file entry_28.txt (compact mmCIF, C-alpha atoms and all ligand atoms)
# COMPACT_ATOMS: atom_id res chain seq x y z
CA MET A 1 -63.99 -39.06 39.59
CA SER A 2 -64.91 -42.44 41.11
CA ALA A 3 -64.22 -43.32 44.75
CA ALA A 4 -61.79 -46.01 43.64
CA SER A 5 -59.56 -43.39 42.02
CA PHE A 6 -59.03 -41.24 45.13
CA LYS A 7 -55.39 -41.12 46.17
CA ASP A 8 -56.31 -41.37 49.85
CA GLY A 9 -58.85 -44.14 49.60
CA THR A 10 -62.53 -43.36 49.88
CA VAL A 11 -62.67 -39.55 49.99
CA PRO A 12 -61.11 -36.95 47.71
CA SER A 13 -58.32 -34.79 49.09
CA ILE A 14 -57.50 -31.15 48.40
CA PHE A 15 -54.43 -28.96 48.87
CA ILE A 16 -54.91 -25.18 48.78
CA ASP A 17 -51.64 -23.65 47.57
CA GLY A 18 -51.71 -20.13 49.08
CA GLU A 19 -54.21 -21.07 51.78
CA ALA A 20 -53.12 -18.22 54.09
CA GLY A 21 -54.09 -15.53 51.57
CA THR A 22 -57.46 -13.78 51.19
CA THR A 23 -58.94 -16.20 48.67
CA GLY A 24 -57.34 -19.28 50.22
CA LEU A 25 -58.75 -18.47 53.65
CA GLY A 26 -62.21 -17.91 52.20
CA ILE A 27 -62.12 -21.30 50.49
CA ARG A 28 -60.77 -23.02 53.60
CA GLU A 29 -63.57 -21.55 55.69
CA ARG A 30 -66.27 -22.62 53.25
CA LEU A 31 -64.85 -26.14 52.94
CA GLN A 32 -65.27 -26.67 56.68
CA SER A 33 -68.98 -27.22 56.15
CA LEU A 34 -68.39 -29.69 53.30
CA SER A 35 -68.21 -33.29 54.46
CA GLY A 36 -66.64 -36.10 52.49
CA ILE A 37 -63.36 -34.41 51.59
CA THR A 38 -59.96 -34.12 53.26
CA VAL A 39 -58.12 -30.81 53.17
CA LYS A 40 -54.34 -31.22 53.53
CA SER A 41 -52.32 -28.26 54.73
CA ILE A 42 -48.65 -27.54 54.23
CA ASP A 43 -46.35 -26.55 57.10
CA PRO A 44 -46.55 -22.70 56.93
CA GLU A 45 -42.73 -22.54 57.00
CA LEU A 46 -42.65 -24.53 53.75
CA ARG A 47 -45.46 -22.70 51.96
CA LYS A 48 -43.07 -21.30 49.34
CA ASP A 49 -40.85 -24.37 49.08
CA ALA A 50 -41.32 -25.87 45.61
CA LYS A 51 -40.36 -29.41 46.63
CA ALA A 52 -42.68 -29.48 49.62
CA ARG A 53 -45.57 -28.08 47.57
CA GLN A 54 -44.97 -30.62 44.82
CA ALA A 55 -45.06 -33.43 47.38
CA MET A 56 -48.42 -32.11 48.63
CA MET A 57 -49.67 -32.01 45.04
CA ALA A 58 -48.65 -35.64 44.51
CA ALA A 59 -50.65 -36.66 47.57
CA VAL A 60 -53.99 -35.05 46.64
CA ASP A 61 -56.70 -35.33 43.99
CA LEU A 62 -57.26 -31.59 43.55
CA VAL A 63 -54.99 -28.58 44.02
CA VAL A 64 -56.58 -25.14 44.38
CA LEU A 65 -54.15 -22.37 43.45
CA CYS A 66 -54.70 -19.12 45.39
CA LEU A 67 -51.46 -17.48 44.31
CA PRO A 68 -50.30 -14.48 42.28
CA ASP A 69 -50.25 -15.21 38.52
CA ALA A 70 -46.52 -15.97 38.21
CA ALA A 71 -46.60 -18.32 41.20
CA ALA A 72 -49.70 -20.01 39.78
CA ARG A 73 -47.88 -20.70 36.49
CA GLU A 74 -44.96 -22.16 38.42
CA ALA A 75 -47.34 -24.33 40.45
CA VAL A 76 -48.92 -25.70 37.27
CA ALA A 77 -45.45 -26.66 36.03
CA LEU A 78 -44.75 -28.43 39.35
CA ALA A 79 -47.99 -30.39 39.01
CA ARG A 80 -47.32 -31.23 35.36
CA ASP A 81 -43.92 -32.67 36.26
CA LEU A 82 -45.72 -35.28 38.37
CA GLY A 83 -46.95 -37.00 35.19
CA ALA A 84 -49.51 -39.68 36.05
CA ASP A 85 -49.61 -38.48 39.68
CA ALA A 86 -50.60 -34.95 38.69
CA PRO A 87 -53.72 -33.74 40.51
CA ARG A 88 -56.59 -31.86 38.90
CA ILE A 89 -56.20 -28.09 39.29
CA LEU A 90 -58.53 -25.20 40.06
CA ASP A 91 -56.67 -21.90 39.55
CA ALA A 92 -58.05 -18.75 41.23
CA SER A 93 -55.52 -16.49 39.49
CA THR A 94 -55.81 -14.67 36.16
CA ALA A 95 -53.12 -16.82 34.55
CA HIS A 96 -55.24 -19.36 32.63
CA ARG A 97 -58.68 -17.84 32.19
CA THR A 98 -58.53 -17.48 28.44
CA ASP A 99 -56.25 -20.47 27.86
CA ALA A 100 -58.00 -22.97 25.58
CA ALA A 101 -56.59 -25.89 27.56
CA TRP A 102 -58.51 -24.72 30.63
CA THR A 103 -62.25 -24.80 31.36
CA TYR A 104 -63.75 -21.52 32.56
CA GLY A 105 -65.22 -22.07 36.01
CA PHE A 106 -68.47 -20.13 35.67
CA ALA A 107 -71.01 -22.93 35.83
CA GLU A 108 -73.85 -20.61 34.74
CA LEU A 109 -72.00 -19.47 31.59
CA ALA A 110 -74.07 -21.57 29.21
CA GLU A 111 -75.82 -24.89 29.00
CA GLY A 112 -73.30 -27.67 29.48
CA GLN A 113 -70.71 -25.58 31.34
CA ALA A 114 -71.31 -27.27 34.70
CA ASP A 115 -70.78 -30.66 33.03
CA ALA A 116 -67.61 -29.38 31.38
CA ILE A 117 -66.30 -28.31 34.81
CA ARG A 118 -67.24 -31.70 36.29
CA ALA A 119 -65.11 -33.47 33.68
CA ALA A 120 -62.18 -31.06 33.39
CA ARG A 121 -58.68 -31.61 34.74
CA LEU A 122 -57.85 -27.89 34.58
CA VAL A 123 -60.39 -25.27 35.66
CA SER A 124 -59.82 -21.52 36.00
CA ASN A 125 -61.90 -19.63 38.54
CA PRO A 126 -63.31 -16.40 37.06
CA GLY A 127 -62.30 -12.88 38.10
CA CYS A 128 -64.74 -11.04 40.35
CA TYR A 129 -65.58 -8.19 37.94
CA ALA A 130 -65.60 -10.66 35.06
CA THR A 131 -68.20 -12.77 36.86
CA GLY A 132 -70.56 -9.79 37.06
CA ALA A 133 -69.90 -8.55 33.53
CA ILE A 134 -70.15 -11.95 31.84
CA ALA A 135 -73.30 -12.79 33.80
CA LEU A 136 -74.93 -9.65 32.34
CA LEU A 137 -73.60 -9.81 28.81
CA ARG A 138 -73.23 -13.40 27.69
CA PRO A 139 -76.95 -14.29 27.61
CA LEU A 140 -77.75 -11.12 25.64
CA VAL A 141 -74.97 -11.75 23.11
CA ASP A 142 -76.02 -15.41 22.80
CA CYS A 143 -79.61 -14.44 21.96
CA GLY A 144 -78.57 -11.69 19.53
CA LEU A 145 -79.86 -8.68 21.49
CA ILE A 146 -76.30 -7.34 21.83
CA PRO A 147 -74.16 -7.78 18.70
CA PRO A 148 -70.59 -9.02 19.32
CA ASP A 149 -69.11 -5.81 17.90
CA TYR A 150 -71.31 -3.46 19.97
CA PRO A 151 -69.30 -0.70 21.75
CA LEU A 152 -70.09 -1.50 25.38
CA THR A 153 -69.19 0.35 28.57
CA ILE A 154 -68.89 -1.39 31.93
CA ASN A 155 -68.61 0.50 35.23
CA ALA A 156 -67.84 -1.28 38.47
CA VAL A 157 -67.03 -0.76 42.12
CA SER A 158 -65.36 -3.24 44.45
CA GLY A 159 -64.56 -3.46 48.13
CA TYR A 160 -60.85 -3.23 48.90
CA SER A 161 -60.42 -6.95 49.68
CA GLY A 162 -60.39 -7.45 45.89
CA GLY A 163 -56.83 -6.16 45.94
CA GLY A 164 -55.63 -8.96 48.24
CA ARG A 165 -53.50 -8.59 51.34
CA THR A 166 -51.54 -5.53 50.17
CA MET A 167 -54.64 -3.45 49.48
CA ILE A 168 -56.40 -4.68 52.63
CA GLU A 169 -53.44 -3.57 54.74
CA ALA A 170 -53.27 -0.18 52.99
CA TYR A 171 -56.98 0.54 53.57
CA GLU A 172 -57.02 -0.73 57.13
CA ALA A 173 -53.99 1.41 57.99
CA GLY A 174 -55.75 4.48 56.51
CA ARG A 175 -53.18 4.70 53.72
CA ALA A 176 -55.62 4.57 50.78
CA PRO A 177 -58.12 7.02 49.26
CA ALA A 178 -61.80 6.73 50.22
CA PHE A 179 -62.71 6.07 46.60
CA GLU A 180 -60.80 5.93 43.34
CA LEU A 181 -61.20 4.97 39.72
CA TYR A 182 -58.50 2.80 38.22
CA GLY A 183 -57.96 0.71 35.09
CA LEU A 184 -57.75 4.03 33.24
CA GLY A 185 -55.03 2.59 31.03
CA PHE A 186 -57.83 0.54 29.34
CA ASP A 187 -55.91 -2.61 30.22
CA HIS A 188 -57.52 -4.10 33.31
CA LYS A 189 -56.53 -7.75 33.70
CA HIS A 190 -60.16 -8.94 33.50
CA LEU A 191 -60.77 -7.45 30.05
CA PRO A 192 -59.52 -10.48 28.09
CA GLU A 193 -61.83 -12.88 29.92
CA ILE A 194 -64.79 -10.45 29.82
CA THR A 195 -64.36 -10.06 26.06
CA ALA A 196 -63.75 -13.73 25.26
CA LEU A 197 -66.33 -15.30 27.56
CA SER A 198 -69.04 -12.76 26.71
CA ARG A 199 -68.34 -13.68 23.07
CA LEU A 200 -67.54 -10.08 22.13
CA ASP A 201 -65.39 -9.16 19.15
CA VAL A 202 -64.28 -5.85 20.66
CA ALA A 203 -63.17 -5.08 24.20
CA PRO A 204 -65.62 -2.93 26.18
CA ILE A 205 -64.55 0.27 27.93
CA PHE A 206 -64.21 -1.00 31.49
CA ILE A 207 -63.87 1.44 34.40
CA PRO A 208 -63.42 -0.29 37.76
CA SER A 209 -63.24 1.55 41.06
CA VAL A 210 -62.48 0.70 44.65
CA GLY A 211 -63.93 2.19 47.81
CA ASN A 212 -63.32 2.18 51.52
CA PHE A 213 -65.41 -0.87 52.36
CA ARG A 214 -64.02 -4.37 52.76
CA GLN A 215 -66.13 -6.44 50.40
CA GLY A 216 -69.05 -6.20 48.01
CA MET A 217 -69.31 -5.38 44.32
CA LEU A 218 -71.54 -3.77 41.71
CA VAL A 219 -70.92 -4.15 37.97
CA SER A 220 -73.13 -2.09 35.67
CA VAL A 221 -73.71 -1.81 31.93
CA PRO A 222 -75.67 1.20 30.61
CA LEU A 223 -77.50 0.70 27.32
CA ASN A 224 -79.42 3.04 25.01
CA LEU A 225 -81.75 0.50 23.48
CA SER A 226 -82.44 2.58 20.36
CA ALA A 227 -78.74 2.26 19.48
CA LEU A 228 -78.90 -1.53 19.44
CA PRO A 229 -79.61 -2.95 15.97
CA ALA A 230 -82.59 -4.97 17.23
CA GLN A 231 -83.94 -1.95 19.20
CA PRO A 232 -85.39 -4.39 21.73
CA PRO A 233 -87.83 -3.37 24.43
CA ALA A 234 -86.31 -3.44 27.91
CA ASP A 235 -88.64 -6.33 28.76
CA ASP A 236 -86.86 -8.54 26.21
CA LEU A 237 -83.53 -8.05 27.95
CA ALA A 238 -85.06 -8.87 31.33
CA ALA A 239 -86.83 -11.91 29.89
CA SER A 240 -83.65 -13.27 28.26
CA LEU A 241 -81.69 -12.91 31.47
CA ALA A 242 -84.48 -14.48 33.54
CA ALA A 243 -84.72 -17.41 31.11
CA ARG A 244 -80.98 -18.04 31.17
CA TYR A 245 -80.71 -18.15 34.96
CA ARG A 246 -84.13 -19.72 35.76
CA ASP A 247 -82.70 -22.91 37.28
CA CYS A 248 -79.51 -21.50 38.78
CA GLU A 249 -79.07 -21.85 42.53
CA PHE A 250 -76.76 -18.86 42.94
CA VAL A 251 -78.02 -16.35 40.34
CA ARG A 252 -81.30 -14.44 40.68
CA VAL A 253 -82.70 -12.00 38.15
CA ILE A 254 -84.76 -9.11 39.48
CA GLY A 255 -86.84 -7.84 36.56
CA ILE A 256 -87.83 -4.29 35.71
CA GLU A 257 -90.65 -4.00 38.25
CA GLY A 258 -88.63 -5.53 41.06
CA SER A 259 -85.62 -3.35 40.26
CA HIS A 260 -87.80 -0.22 40.16
CA ALA A 261 -89.39 -1.20 43.48
CA ILE A 262 -86.10 -0.98 45.36
CA GLY A 263 -86.09 2.80 44.90
CA GLY A 264 -83.29 3.74 42.52
CA ARG A 265 -80.39 2.83 44.82
CA LEU A 266 -78.22 -0.26 45.21
CA ASP A 267 -76.11 -1.16 48.22
CA ALA A 268 -72.85 -2.84 47.12
CA GLU A 269 -72.58 -4.76 50.41
CA ALA A 270 -76.02 -6.38 50.48
CA LEU A 271 -74.82 -9.84 49.38
CA ASN A 272 -71.74 -9.93 51.58
CA ASN A 273 -70.92 -13.33 53.05
CA THR A 274 -73.14 -15.09 50.53
CA ASP A 275 -72.25 -16.93 47.32
CA ASN A 276 -75.10 -15.33 45.40
CA LEU A 277 -75.22 -12.99 42.44
CA GLU A 278 -78.20 -10.74 41.68
CA ILE A 279 -78.98 -9.18 38.33
CA PHE A 280 -81.09 -6.01 38.17
CA VAL A 281 -82.66 -4.46 35.08
CA PHE A 282 -83.34 -0.75 35.59
CA SER A 283 -85.31 0.98 32.86
CA ASP A 284 -86.54 4.55 32.38
CA LYS A 285 -90.26 5.26 31.96
CA ASP A 286 -90.13 5.01 28.17
CA GLY A 287 -88.02 1.86 28.22
CA GLY A 288 -85.38 3.46 26.00
CA ARG A 289 -82.57 3.62 28.54
CA VAL A 290 -81.53 0.66 30.60
CA VAL A 291 -78.87 -0.07 33.18
CA LEU A 292 -78.07 -3.70 33.89
CA VAL A 293 -76.41 -4.29 37.25
CA ALA A 294 -74.83 -7.37 38.78
CA ARG A 295 -74.39 -7.39 42.54
CA LEU A 296 -72.15 -9.91 44.28
CA ASP A 297 -69.66 -10.36 47.07
CA ASN A 298 -66.24 -10.14 45.41
CA LEU A 299 -65.03 -12.70 47.95
CA GLY A 300 -68.13 -14.91 47.51
CA LYS A 301 -69.43 -15.55 43.99
CA GLY A 302 -66.50 -13.38 42.88
CA ALA A 303 -63.83 -15.67 44.35
CA SER A 304 -64.04 -18.25 47.15
CA GLY A 305 -67.75 -19.04 46.79
CA ALA A 306 -67.30 -19.72 43.08
CA ALA A 307 -64.19 -21.79 43.85
CA VAL A 308 -66.13 -24.01 46.24
CA GLN A 309 -68.93 -24.34 43.68
CA ASN A 310 -66.27 -25.55 41.21
CA ILE A 311 -64.61 -27.82 43.76
CA LYS A 312 -67.96 -29.52 44.41
CA LEU A 313 -68.56 -30.00 40.69
CA MET A 314 -65.04 -31.34 40.12
CA LEU A 315 -65.34 -33.77 43.02
CA GLY A 316 -68.85 -34.87 42.09
CA GLN A 317 -70.38 -33.52 45.32
N1 LIG B 1 -58.95 -11.00 46.52
C1 LIG B 1 -59.87 -11.28 45.63
O1 LIG B 1 -61.02 -10.78 45.69
C2 LIG B 1 -59.59 -12.22 44.52
C3 LIG B 1 -58.33 -12.72 44.22
N2 LIG B 1 -58.17 -13.62 43.21
C4 LIG B 1 -56.90 -14.16 42.81
O2 LIG B 1 -56.50 -15.15 43.73
C5 LIG B 1 -55.09 -15.16 43.82
C6 LIG B 1 -54.71 -14.90 45.26
O3 LIG B 1 -55.17 -13.59 45.57
P1 LIG B 1 -55.44 -13.11 47.04
O4 LIG B 1 -55.90 -14.24 47.88
O5 LIG B 1 -56.25 -11.90 46.94
O6 LIG B 1 -53.92 -12.71 47.42
P2 LIG B 1 -53.21 -12.58 48.82
O7 LIG B 1 -52.10 -11.65 48.60
O8 LIG B 1 -54.20 -12.29 49.89
O9 LIG B 1 -52.65 -14.07 49.06
C7 LIG B 1 -51.72 -14.72 48.23
C8 LIG B 1 -51.11 -15.89 49.00
O10 LIG B 1 -50.17 -16.56 48.17
C9 LIG B 1 -48.94 -16.71 48.90
N3 LIG B 1 -47.83 -16.75 47.95
C10 LIG B 1 -47.33 -15.73 47.22
N4 LIG B 1 -46.34 -16.16 46.42
C11 LIG B 1 -46.21 -17.48 46.66
C12 LIG B 1 -45.35 -18.50 46.13
N5 LIG B 1 -44.42 -18.23 45.21
N6 LIG B 1 -45.51 -19.77 46.60
C13 LIG B 1 -46.44 -20.06 47.52
N7 LIG B 1 -47.27 -19.14 48.07
C14 LIG B 1 -47.16 -17.87 47.63
C15 LIG B 1 -48.90 -15.51 49.80
O11 LIG B 1 -48.02 -15.72 50.88
P3 LIG B 1 -47.27 -14.44 51.53
O12 LIG B 1 -48.36 -13.49 51.93
O13 LIG B 1 -46.56 -15.03 52.68
O14 LIG B 1 -46.39 -13.88 50.46
C16 LIG B 1 -50.37 -15.43 50.26
O15 LIG B 1 -50.66 -16.33 51.30
C17 LIG B 1 -54.55 -14.06 42.91
O16 LIG B 1 -54.17 -14.60 41.68
C18 LIG B 1 -55.75 -13.15 42.77
O17 LIG B 1 -55.64 -12.47 41.56
C19 LIG B 1 -59.26 -14.08 42.57
C20 LIG B 1 -60.51 -13.62 42.83
C21 LIG B 1 -60.73 -12.59 43.77
C1 LIG B 2 -60.17 -3.92 44.00
C2 LIG B 2 -59.15 -4.68 43.17
O1 LIG B 2 -58.00 -4.30 43.10
N1 LIG B 2 -59.59 -5.74 42.51
C3 LIG B 2 -58.73 -6.54 41.69
C4 LIG B 2 -59.51 -7.68 41.09
C5 LIG B 2 -59.85 -8.78 42.04
C6 LIG B 2 -60.10 -10.08 41.34
O2 LIG B 2 -61.11 -10.70 41.22
O3 LIG B 2 -59.09 -10.45 40.70
P1 LIG B 2 -58.61 -11.76 40.10
O4 LIG B 2 -59.61 -12.80 40.34
O5 LIG B 2 -58.44 -11.54 38.69
O6 LIG B 2 -57.37 -12.01 40.76
C7 LIG B 2 -58.14 -5.76 40.52
O7 LIG B 2 -58.81 -4.92 39.97
O8 LIG B 2 -57.04 -6.13 40.08

call {"tool": "encode", "arguments": {"input": "entry_28.txt", "output": "structure tokens"}}
result
Amino acid sequence: MSAASFKDGTVPSIFIDGEAGTTGLGIRERLQSLSGITVKSIDPELRKDAKARQAMMAAVDLVVLCLPDAAAREAVALARDLGADAPRILDASTAHRTDAAWTYGFAELAEGQADAIRAARLVSNPGCYATGAIALLRPLVDCGLIPPDYPLTINAVSGYSGGGRTMIEAYEAGRAPAFELYGLGFDHKHLPEITALSRLDVAPIFIPSVGNFRQGMLVSVPLNLSALPAQPPADDLAASLAARYRDCEFVRVIGIEGSHAIGGRLDAEALNNTDNLEIFVFSDKDGGRVVLVARLDNLGKGASGAAVQNIKLMLGQ
């Protein structure tokens, strides 16, 4: 996007549709430290008024959708109706993550993905669990250590803010269990993106859970290495992951020794209020059993932090 093409003149402008929600607020807060952009806000009374939102869309270069899926689809239709005035869109919802017309907003996905995001008109921000799972799996599928048809299991735990305002209110009013498994219908909404973007042919068994803490997330994948066709040593998995993320600002791989050194426990909240993601490779003494773990803040790299990373790429910042 060149300066000459900005609707407002010299700096790009953004409208966050749903800015009062959990994700919207997180993005708003992070954008305060970003100079060289204008954030335009809608009158709160008109936040669900289609005409008023469409007028905001016409006035900005980029719209960030922080809405439930159905509302996000409606917002995209409003933007599309603007024709040549339509802004670029970053959608934080699940609605477009496996839609071929949209670019998946995980810059670290593969070589060239950051450039694809820079150039795209339509970008979907990844799901929080999906970010952790894809970060672990995609490099290992790409290099052939995990075959696309391998029967994988993914376990995960999230802080309750992942459930948006309704879940936050339920936990903070003491109306929710201390810890629960869910997704036991094998149909969690992140499964399609985890499967597609990890380049898997079969959906993993994915068991998410939520606990009585506000934010923070662990996503883990257990592997018996002797069951993998390549029977790779654990070191090969760690080396592939380290090589993939070597130059990534927000992703750090902690290899087998480093993972072992932290003492067999992982605190889900350790990366809270950061935009970082850590990958651990835990291995038993013989190197035959491995657990890969991604740790992130579900509201950081799992949502608003990733959104701001995408906004910066889309606006050439
Ligand atoms: N929480 C998280 O960790 C993550 C959430 N997401 C996704 O981001 C999106 C927003 O989620 P989250 O921030 O958690 O949700 P919240 O419930 O916290 O916020 C949603 C916001 O959208 C507003 N809204 C709802 N319907 C409409 C509509 N028709 N028109 C305009 N505004 C509307 C709500 O207003 P009101 O409250 O007044 O109804 C609220 O401000 C969802 O798609 C979610 O799946 C993505 C990554 C992580
Ligand atoms: C604890 C909790 O309920 N988490 C949410 C996922 C949060 C998230 O990242 O969802 P989207 O980005 O896909 O909206 C869930 O499992 O539905």

call {"tool": "residues_near_ligand", "arguments": {"input": "entry_28.txt", "ligand": "ligand LIG 2 (chain B)", "cutoff": "8 Å", "atoms": "only C-alpha atoms and all ligand atoms", "output": "PDB file with C-alpha atoms, in the coordinates of the input"}}
result
ATOM      1  CA  PRO A  68     -50.300 -14.480  42.280  1.00  0.00           C
ATOM      2  CA  ALA A  92     -58.050 -18.750  41.230  1.00  0.00           C
ATOM      3  CA  SER A  93     -55.520 -16.490  39.490  1.00  0.00           C
ATOM      4  CA  THR A  94     -55.810 -14.670  36.160  1.00  0.00           C
ATOM      5  CA  ASN A 125     -61.900 -19.630  38.540  1.00  0.00           C
ATOM      6  CA  PRO A 126     -63.310 -16.400  37.060  1.00  0.00           C
ATOM      7  CA  GLY A 127     -62.300 -12.880  38.100  1.00  0.00           C
ATOM      8  CA  CYS A 128     -64.740 -11.040  40.350  1.00  0.00           C
ATOM      9  CA  TYR A 129     -65.580  -8.190  37.940  1.00  0.00           C
ATOM     10  CA  ALA A 130     -65.600 -10.660  35.060  1.00  0.00           C
ATOM     11  CA  VAL A 157     -67.030  -0.760  42.120  1.00  0.00           C
ATOM     12  CA  SER A 158     -65.360  -3.240  44.450  1.00  0.00           C
ATOM     13  CA  GLY A 159     -64.560  -3.460  48.130  1.00  0.00           C
ATOM     14  CA  TYR A 160     -60.850  -3.230  48.900  1.00  0.00           C
ATOM     15  CA  SER A 161     -60.420  -6.950  49.680  1.00  0.00           C
ATOM     16  CA  GLY A 162     -60.390  -7.450  45.890  1.00  0.00           C
ATOM     17  CA  GLY A 163     -56.830  -6.160  45.940  1.00  0.00           C
ATOM     18  CA  GLY A 164     -55.630  -8.960  48.240  1.00  0.00           C
ATOM     19  CA  MET A 167     -54.640  -3.450  49.480  1.00  0.00           C
ATOM     20  CA  TYR A 182     -58.500   2.800  38.220  1.00  0.00           C
ATOM     21  CA  GLY A 183     -57.960   0.710  35.090  1.00  0.00           C
ATOM     22  CA  HIS A 188     -57.520  -4.100  33.310  1.00  0.00           C
ATOM     23  CA  LYS A 189     -56.530  -7.750  33.700  1.00  0.00           C
ATOM     24  CA  HIS A 190     -60.160  -8.940  33.500  1.00  0.00           C
ATOM     25  CA  PRO A 208     -63.420  -0.290  37.760  1.00  0.00           C
ATOM     26  CA  SER A 209     -63.240   1.550  41.060  1.00  0.00           C
ATOM     27  CA  VAL A 210     -62.480   0.700  44.650  1.00  0.00           C
ATOM     28  CA  ASN A 298     -66.240 -10.140  45.410  1.00  0.00           C
ATOM     29  CA  GLY A 302     -66.500 -13.380  42.880  1.00  0.00           C
ATOM     30  CA  ALA A 303     -63.830 -15.670  44.350  1.00  0.00           C
TER      31      ALA A 303
END

call {"tool": "axis_aligned_box", "arguments": {"input": "entry_28.txt", "around": "ligand LIG 1 (chain B)", "padding_each_side": "3 Å", "output": "JSON"}}
result
{"center_x": -52.7, "center_y": -15.4, "center_z": 47.1, "size_x": 22.6, "size_y": 15.3, "size_z": 17.1}

call {"tool": "closest_residue", "arguments": {"input": "entry_28.txt", "among": "A:Phe213, A:Ser198, A:Gly83, A:Pro12", "to": "Gly174 of chain A", "atoms": "all atoms listed in the file"}}
result
A:Phe213

call {"tool": "atom_distance", "arguments": {"input": "entry_28.txt", "atom1": "atom CA of Ala242 of chain A", "atom2": "atom CA of Gly255 of chain A"}}
result
7.7 Å

call {"tool": "residues_near_point", "arguments": {"input": "entry_28.txt", "point": "(-58.4, -18.6, 49.5)", "cutoff": "12 Å", "atoms": "all atoms listed in the file", "output": "short mmCIF file (atom, residue, chain, number, x, y, z; two decimals) with C-alpha atoms, in the coordinates of the input"}}
result
data_model
loop_
_atom_site.label_atom_id
_atom_site.label_comp_id
_atom_site.auth_asym_id
_atom_site.auth_seq_id
_atom_site.Cartn_x
_atom_site.Cartn_y
_atom_site.Cartn_z
CA PHE A 15 -54.43 -28.96 48.87
CA ILE A 16 -54.91 -25.18 48.78
CA ASP A 17 -51.64 -23.65 47.57
CA GLY A 18 -51.71 -20.13 49.08
CA GLU A 19 -54.21 -21.07 51.78
CA ALA A 20 -53.12 -18.22 54.09
CA GLY A 21 -54.09 -15.53 51.57
CA THR A 22 -57.46 -13.78 51.19
CA THR A 23 -58.94 -16.20 48.67
CA GLY A 24 -57.34 -19.28 50.22
CA LEU A 25 -58.75 -18.47 53.65
CA GLY A 26 -62.21 -17.91 52.20
CA ILE A 27 -62.12 -21.30 50.49
CA ARG A 28 -60.77 -23.02 53.60
CA GLU A 29 -63.57 -21.55 55.69
CA ARG A 30 -66.27 -22.62 53.25
CA LEU A 31 -64.85 -26.14 52.94
CA VAL A 63 -54.99 -28.58 44.02
CA VAL A 64 -56.58 -25.14 44.38
CA LEU A 65 -54.15 -22.37 43.45
CA CYS A 66 -54.70 -19.12 45.39
CA LEU A 67 -51.46 -17.48 44.31
CA PRO A 68 -50.30 -14.48 42.28
CA LEU A 90 -58.53 -25.20 40.06
CA ASP A 91 -56.67 -21.90 39.55
CA ALA A 92 -58.05 -18.75 41.23
CA SER A 93 -55.52 -16.49 39.49
CA ASN A 125 -61.90 -19.63 38.54
CA SER A 161 -60.42 -6.95 49.68
CA GLY A 162 -60.39 -7.45 45.89
CA GLY A 164 -55.63 -8.96 48.24
CA ARG A 165 -53.50 -8.59 51.34
CA LEU A 299 -65.03 -12.70 47.95
CA GLY A 300 -68.13 -14.91 47.51
CA GLY A 302 -66.50 -13.38 42.88
CA ALA A 303 -63.83 -15.67 44.35
CA SER A 304 -64.04 -18.25 47.15
CA GLY A 305 -67.75 -19.04 46.79
CA ALA A 306 -67.30 -19.72 43.08
CA ALA A 307 -64.19 -21.79 43.85
CA VAL A 308 -66.13 -24.01 46.24
#

call {"tool": "atom_distance", "arguments": {"input": "entry_28.txt", "atom1": "atom CA of Ala243 of chain A", "atom2": "atom CA of Cys143 of chain A"}}
result
10.9 Å

call {"tool": "residues_around", "arguments": {"input": "entry_28.txt", "residues": "segment 282-289 of chain A", "least_positions_apart": "3", "cutoff": "6 Å", "atoms": "only C-alpha atoms", "output": "PyMOL selection string"}}
result
chain A and resi 223-225+234+256+259

call {"tool": "closest_residue", "arguments": {"input": "entry_28.txt", "among": "A:Leu82, A:Gln113, A:Gln215, A:Val253", "to": "Leu296 of chain A", "atoms": "only C-alpha atoms"}}
result
A:Gln215

call {"tool": "closest_residue", "arguments": {"input": "entry_28.txt", "among": "A:Ala101, A:Val219, A:Val281, A:Ile194", "to": "Ala238 of chain A", "atoms": "only C-alpha atoms"}}
result
A:Val281

call {"tool": "closest_residue", "arguments": {"input": "entry_28.txt", "among": "A:Val293, A:Leu191, A:Phe186, A:Ser124", "to": "Asp99 of chain A", "atoms": "all atoms listed in the file"}}
result
A:Ser124

call {"tool": "atom_distance", "arguments": {"input": "entry_28.txt", "atom1": "atom CA of Gly211 of chain A", "atom2": "atom C16 of ligand LIG 1 (chain B)"}}
result
22.4 Å

call {"tool": "closest_residue", "arguments": {"input": "entry_28.txt", "among": "A:Ser35, A:Thr131, A:Ser240, A:Thr166", "to": "ligand LIG 1 (chain B)", "atoms": "all atoms listed in the file"}}
result
A:Thr166

call {"tool": "residues_around", "arguments": {"input": "entry_28.txt", "residues": "Phe6 of chain A", "least_positions_apart": "6", "cutoff": "9 Å", "atoms": "all atoms listed in the file", "output": "list in words"}}
result
Pro12, Ser13, Val60 and Asp61 of chain A

call {"tool": "closest_residue", "arguments": {"input": "entry_28.txt", "among": "A:Glu257, A:Glu172, A:Asp236, A:Glu269", "to": "Gly144 of chain A", "atoms": "all atoms listed in the file"}}
result
A:Asp236

call {"tool": "decode", "arguments": {"input": "entry_28.txt", "residues": "segment 73-84 of chain A", "atoms": "C-alpha atoms", "output": "JSON list (two decimals), in the first residue's frame"}}
result
[["chain", "number", "residue", "atom", "x", "y", "z"],
["A", 73, "ARG", "CA", -19.81, -12.63, 7.37],
["A", 74, "GLU", "CA", -22.35, -9.80, 7.31],
["A", 75, "ALA", "CA", -19.56, -7.25, 7.73],
["A", 76, "VAL", "CA", -17.67, -8.70, 4.77],
["A", 77, "ALA", "CA", -20.82, -8.34, 2.65],
["A", 78, "LEU", "CA", -21.14, -4.69, 3.77],
["A", 79, "ALA", "CA", -17.54, -4.05, 2.74],
["A", 80, "ARG", "CA", -17.95, -5.85, -0.57],
["A", 81, "ASP", "CA", -20.95, -3.68, -1.44],
["A", 82, "LEU", "CA", -18.63, -0.67, -1.36],
["A", 83, "GLY", "CA", -17.00, -1.83, -4.61],
["A", 84, "ALA", "CA", -13.92, 0.26, -5.37]]
